[in-house]
2 protein chains.
Amino acid sequence: MPLLEELAANRCCGGWHRRYRHHSTTLGCDMVFAVYLPPQAEDRAVPALYWLSGLTCSDENFMQKAGAMRVAAELGLALVAADTSPRGDDVPGDPQGCWDFGHAAGFYLNATQSPWRRHYRMHDYVVHELPQLVEASLPIDERRGISGHSMGGHGALVCALRNPGRYRSLSALAPICHPLASPWGEKAFRNYLGADRESWKQWDACELIAVAGERLPLLVDQGLADPFLATQLLPELLQQACAAAAHPLTLRLQPGYDHSYYFIASFIDDHLRHHAAALRS
Amino acid sequence: MPLLEELAANRCCGGWHRRYRHHSTTLGCDMVFAVYLPPQAEDRAVPALYWLSGLTCSDENFMQKAGAMRVAAELGLALVAADTSPRGDDVPGDPQGCWDFGHAAGFYLNATQSPWRRHYRMHDYVVHELPQLVEASLPIDERRGISGHSMGGHGALVCALRNPGRYRSLSALAPICHPLASPWGEKAFRNYLGADRESWKQWDACELIAVAGERLPLLVDQGLADPFLATQLLPELLQQACAAAAHPLTLRLQPGYDHSYYFIASFIDDHLRHHAAALRS
C-alpha cells in the first residue's frame, strides 16, 4: 500500500493542489491533508508554510477559501494544510456533540487524559510526522514556516514557541492568544489535559512567550468586528506578553473585519510575504 | 418590509461582501444573491460584473472560492453573484431528484412548458430584475459586464447575445457552448422548452453568435483536463461559430486545468481586467 493515497489533484495558478490520505502512527488513525505545490516545485524542492485551521474546519477550508495560491505561486512557497483533529469512528468526539471539542477541535496539543490521549496528539503530528512525510514524499524541503487561524493561530504560536529551531517564520490570523483565559481553551484543556491548570501553561502562547528559546518575529492580524475578539481571542494579552519578553510582534488591528475567511483572504498575501522573506533566504 | 433583507455583511479587501434575500416578482419566489462592493463604492456608484454560476451552485461558491475580491477592489468593480435557479418548496425540481435539472439548474432561460414556466424565468431575472434592484438599492450603476462558469458561462453568453446594448463586456470560463449538442442542454431544453428543437436555438450561444446584433469581444478560458470538455462544453463549436460570424473571440485552452474553482481562481483576474477595460471607460 502506498504511503500517500492521492485523493485529488487540481492544477491551480501554474502549480498543483493535491489532497492525500495516509495512516498516521502518531494519531492512530487515517488522516487527510492538502498541499499546494507552486510551479517552482517542478524543478526543485521548495520551502513550505504549514497552515493550521480553526474549529470545525478540515484541510479544505484554507485551500478553497483563502485565495492564497496566486501569491504562493509567485513566491515559490508550498502550502501544507493539516486537518484539525484525529478522525474516524474509533476516535472519541465531544460527548455532547458540540463543535468546540473533539472532532475538528484537537487544539494542536498532546492530550494526557483518557480517553483522549490515545488519538489526540496533534502537536506531534503537525510538528513531526506531517513534515517528515511531506519532506520525504514531495518536493518540499526543511525550510518551514507556520501560521493558522483562530484555534489554528493558537496552534501555530504554540508549535513554534515549543520547538526552537524547527520553524523559520511564524504568523497568525485571529489566534486564540491565551487559551487559559478563553472558554474554548478552558473546556479543551480541562478535558485533554486534566484539572491541573499548571500543566496547561506549556500549551498557552502567552505563557510560552515569556520563556521562549528564540524570538521569531511574529505577524498577527486581528479583525476588530470579530465576534470572538473580547471573549476568546484576547490579542491584548499577547501584546502584553510580547512587550514583557521583548518578543518582536507586529499586531495589526483591522477595523470592520470579522472572523471569516473573507478576513483571511484580505490579509493572507501579507502573511505569505512575511514567511517568504524568512523562508527563501 | 424592506426590499432587500441583509443576510450577511463581511468586510473583505477594503470593501464589503453582502448577501441579500428579496422577493422576485419575475420568478415568483424569494431569492438570495450576493454582492462584493469595492472600496470605491463608498464614494460613488461603480460598474458591476454579473456572475452566473454552474450546476449545483448558489451565490456562495463564487464569492467564497474564486478569490476575485482583491483584484475587484483594485479595479473598483462590483461583483454581483446570482443564484442558479428559482428556489423554495413551491418551485418544482427534477422529478428524479437529479442535480442537472430543476433546482440549481435553471439554465438562465425563460421556460415555456408546464410546470416549469411559472417560476423558471432566470433570463428575465438575471437580465432585468436583478440589475434593476441592485442599481436602485446599492452604489452600482448601469455599466454592466457579465461572465460565468459552465452552465453560467452559457448563461452569460446567451444573456449578452440576446440583449445588444445591455452589457459592455462579456467573458466565460468553461462555458456550455452549444447546449443543443450537450446532454445537459438536451435534458434541460426538452423539459423547459418542449420538444420543438427549433425553439431551442434562441437559447444557444453558437446559434445566437451567427445573428448577433453586436460584437462584444469575448474572452473564454477552458481547461484541457476538464472532464466535461468533449461531451458537454464543446468550445471548438463556439470557435467555429465565431470564425464564421467574424465575432472577436480569445479562446485560451489551458493545459492541465479541470472544471473546478481551482481553475476559476487561476484565471479570474484576467477576466476581471478584461471587463474593467470596457466597464471603466
# chains A, B, ... in the order shown; residues from 1 in each chain; ligands from 1
>>> residues_around(residues="Ala277 (chain A)", least_positions_apart="5", cutoff="12 Å", atoms="only C-alpha atoms", output="CSV table (one decimal) with N, CA and C atoms, in the first residue's frame")
chain,number,residue,atom,x,y,z
A,47,PRO,N,10.4,25.6,0.0
A,47,PRO,CA,10.1,25.7,1.4
A,47,PRO,C,8.5,25.7,1.5
A,49,LEU,N,4.9,26.6,3.9
A,49,LEU,CA,4.2,27.2,5.0
A,49,LEU,C,3.1,26.2,5.5
A,75,LEU,N,5.7,33.4,-5.1
A,75,LEU,CA,6.8,33.4,-4.2
A,75,LEU,C,7.6,32.0,-4.2
A,76,GLY,N,7.0,31.0,-4.8
A,76,GLY,CA,7.6,29.7,-4.8
A,76,GLY,C,7.5,29.0,-3.5
A,77,LEU,N,6.4,29.2,-2.8
A,77,LEU,CA,6.1,28.7,-1.5
A,77,LEU,C,5.1,27.5,-1.6
A,143,ARG,N,12.8,23.9,5.1
A,143,ARG,CA,12.6,25.3,5.4
A,143,ARG,C,11.1,25.4,5.7
A,145,GLY,N,7.7,27.3,7.6
A,145,GLY,CA,7.0,28.4,8.3
A,145,GLY,C,5.7,27.8,8.9
A,168,ARG,N,11.3,28.7,10.6
A,168,ARG,CA,12.0,29.9,10.3
A,168,ARG,C,11.1,31.1,10.4
A,169,SER,N,9.8,30.9,10.4
A,169,SER,CA,8.9,32.1,10.3
A,169,SER,C,7.5,31.7,11.0
A,170,LEU,N,6.8,32.7,11.5
A,170,LEU,CA,5.7,32.5,12.3
A,170,LEU,C,4.7,33.6,12.1
A,217,PRO,N,10.2,36.8,14.7
A,217,PRO,CA,9.3,37.9,14.5
A,217,PRO,C,7.9,37.5,14.2
A,270,ASP,N,-0.1,39.2,2.7
A,270,ASP,CA,0.9,39.8,3.6
A,270,ASP,C,1.6,38.8,4.4
A,271,HIS,N,0.8,37.8,4.8
A,271,HIS,CA,1.4,36.7,5.6
A,271,HIS,C,2.3,35.8,4.8
A,272,LEU,N,1.9,35.6,3.5
A,272,LEU,CA,2.8,34.8,2.7
A,272,LEU,C,4.1,35.5,2.4
>>> interface_residues(of="chain B", to="chain A", cutoff="9 Å", atoms="only C-alpha atoms", output="compact mmCIF listing (two decimals) with C-alpha atoms, in the first residue's frame")
# COMPACT_ATOMS: atom_id res chain seq x y z
CA ASN B 10 -18.29 40.78 5.68
CA ARG B 11 -15.54 43.28 5.19
CA CYS B 12 -13.17 41.98 2.52
CA CYS B 13 -10.15 43.54 0.77
CA GLY B 14 -11.20 47.01 1.85
CA HIS B 17 -19.24 41.18 0.75
CA MET B 63 -17.77 34.62 -3.54
CA GLN B 64 -16.06 32.06 -1.32
CA LYS B 65 -13.85 30.23 -3.79
CA ALA B 66 -12.91 32.40 -6.77
CA GLY B 67 -10.52 34.73 -4.93
CA ALA B 68 -11.86 37.61 -7.03
CA MET B 69 -12.09 40.31 -4.37
CA ARG B 70 -8.52 41.55 -4.29
CA PRO B 255 -3.28 22.53 -20.30
CA GLY B 256 -3.83 20.51 -17.12
CA TYR B 257 -6.72 22.55 -15.73
CA ASP B 258 -10.01 20.89 -14.75
CA SER B 260 -13.16 23.19 -10.54
CA TYR B 261 -12.89 26.51 -8.74
CA TYR B 262 -9.12 25.94 -8.67
CA PHE B 263 -9.31 26.56 -12.43
CA ILE B 264 -11.55 29.61 -11.99
CA ALA B 265 -9.30 31.08 -9.28
CA SER B 266 -6.32 30.69 -11.61
CA PHE B 267 -7.77 32.88 -14.37
>>> residues_around(residues="region 230-239 of chain B", least_positions_apart="2", cutoff="6 Å", atoms="only C-alpha atoms", output="list of chain:residue names")
B:Pro175, B:Ile176, B:Cys177, B:Ser182, B:Cys206, B:Phe228, B:Ala241, B:Cys242
>>> closest_residue(among="A:Leu79, A:Leu224, A:Val71, A:Ala245", to="Phe33 (chain A)", atoms="only C-alpha atoms")
A:Leu79
>>> closest_residue(among="A:Leu161, A:Leu55, A:Ala8, A:Ala195", to="Gly213 (chain A)", atoms="only C-alpha atoms")
A:Leu161
>>> select_by_dssp(residues="region 94-254 of chain A", states="alpha helix (DSSP H)", output="NGL selection string")
:A and (122-124 or 130-137 or 151-162 or 183-193 or 205-210 or 235-245)
>>> residues_around(residues="Ala212 (chain B)", least_positions_apart="3", cutoff="8 Å", atoms="only C-alpha atoms", output="PyMOL selection string")
chain B and resi 161-162+164+208-209+215
>>> residues_around(residues="Leu251 (chain B)", least_positions_apart="4", cutoff="8 Å", atoms="only C-alpha atoms", output="PyMOL selection string")
chain B and resi 219-222+239
>>> write_last_selection(atoms="N, CA and C atoms", output="mmCIF file, in the first residue's frame")
data_model
loop_
_atom_site.group_PDB
_atom_site.id
_atom_site.type_symbol
_atom_site.label_atom_id
_atom_site.label_comp_id
_atom_site.auth_asym_id
_atom_site.auth_seq_id
_atom_site.Cartn_x
_atom_site.Cartn_y
_atom_site.Cartn_z
ATOM 1 N N LEU B 219 -13.857 36.798 -24.197
ATOM 2 C CA LEU B 219 -12.727 36.069 -23.607
ATOM 3 C C LEU B 219 -13.252 34.774 -22.995
ATOM 4 N N VAL B 220 -12.690 33.649 -23.413
ATOM 5 C CA VAL B 220 -13.099 32.343 -22.875
ATOM 6 C C VAL B 220 -11.856 31.568 -22.461
ATOM 7 N N ASP B 221 -11.861 31.068 -21.221
ATOM 8 C CA ASP B 221 -10.834 30.125 -20.774
ATOM 9 C C ASP B 221 -11.449 28.747 -20.646
ATOM 10 N N GLN B 222 -10.671 27.738 -21.032
ATOM 11 C CA GLN B 222 -11.146 26.347 -20.973
ATOM 12 C C GLN B 222 -9.986 25.440 -20.581
ATOM 13 N N GLN B 239 -15.800 28.333 -31.287
ATOM 14 C CA GLN B 239 -14.730 28.902 -32.109
ATOM 15 C C GLN B 239 -15.154 28.943 -33.584
#
>>> atom_distance(atom1="CA of Asp89 (chain A)", atom2="CA of Met122 (chain A)")
17.3 Å
>>> atom_distance(atom1="CA of Ala174 (chain A)", atom2="CA of Leu109 (chain A)")
18.6 Å
>>> decode(residues="region 193-208 of chain B", atoms="N, CA and C atoms", output="short mmCIF file (atom, residue, chain, number, x, y, z; two decimals), in the first residue's frame")
data_model
loop_
_atom_site.label_atom_id
_atom_site.label_comp_id
_atom_site.auth_asym_id
_atom_site.auth_seq_id
_atom_site.Cartn_x
_atom_site.Cartn_y
_atom_site.Cartn_z
N LEU B 193 -38.38 23.84 -22.52
CA LEU B 193 -38.83 24.48 -23.76
C LEU B 193 -39.69 23.59 -24.66
N GLY B 194 -39.79 22.31 -24.32
CA GLY B 194 -40.62 21.41 -25.12
C GLY B 194 -39.85 20.74 -26.24
N ALA B 195 -40.54 19.94 -27.03
CA ALA B 195 -39.90 19.05 -28.00
C ALA B 195 -39.41 19.76 -29.26
N ASP B 196 -39.93 20.92 -29.56
CA ASP B 196 -39.57 21.63 -30.80
C ASP B 196 -38.15 22.19 -30.71
N ARG B 197 -37.21 21.51 -31.31
CA ARG B 197 -35.81 21.91 -31.21
C ARG B 197 -35.55 23.28 -31.85
N GLU B 198 -36.39 23.66 -32.80
CA GLU B 198 -36.21 24.98 -33.43
C GLU B 198 -36.28 26.09 -32.37
N SER B 199 -37.16 25.92 -31.41
CA SER B 199 -37.32 26.95 -30.37
C SER B 199 -36.12 27.01 -29.42
N TRP B 200 -35.30 25.96 -29.42
CA TRP B 200 -34.14 25.93 -28.53
C TRP B 200 -33.04 26.89 -29.01
N LYS B 201 -33.05 27.19 -30.32
CA LYS B 201 -31.92 27.92 -30.89
C LYS B 201 -31.74 29.31 -30.31
N GLN B 202 -32.84 29.90 -29.85
CA GLN B 202 -32.72 31.25 -29.29
C GLN B 202 -32.06 31.24 -27.92
N TRP B 203 -31.71 30.05 -27.39
CA TRP B 203 -31.02 29.94 -26.10
C TRP B 203 -29.67 29.24 -26.25
N ASP B 204 -29.12 29.28 -27.43
CA ASP B 204 -27.87 28.55 -27.71
C ASP B 204 -26.83 29.54 -28.25
N ALA B 205 -25.69 29.64 -27.58
CA ALA B 205 -24.69 30.65 -27.92
C ALA B 205 -24.21 30.51 -29.36
N CYS B 206 -23.97 29.30 -29.80
CA CYS B 206 -23.45 29.13 -31.17
C CYS B 206 -24.47 29.59 -32.21
N GLU B 207 -25.74 29.34 -31.95
CA GLU B 207 -26.79 29.82 -32.86
C GLU B 207 -26.91 31.34 -32.80
N LEU B 208 -26.82 31.90 -31.60
CA LEU B 208 -27.01 33.35 -31.44
C LEU B 208 -25.84 34.14 -32.01
#
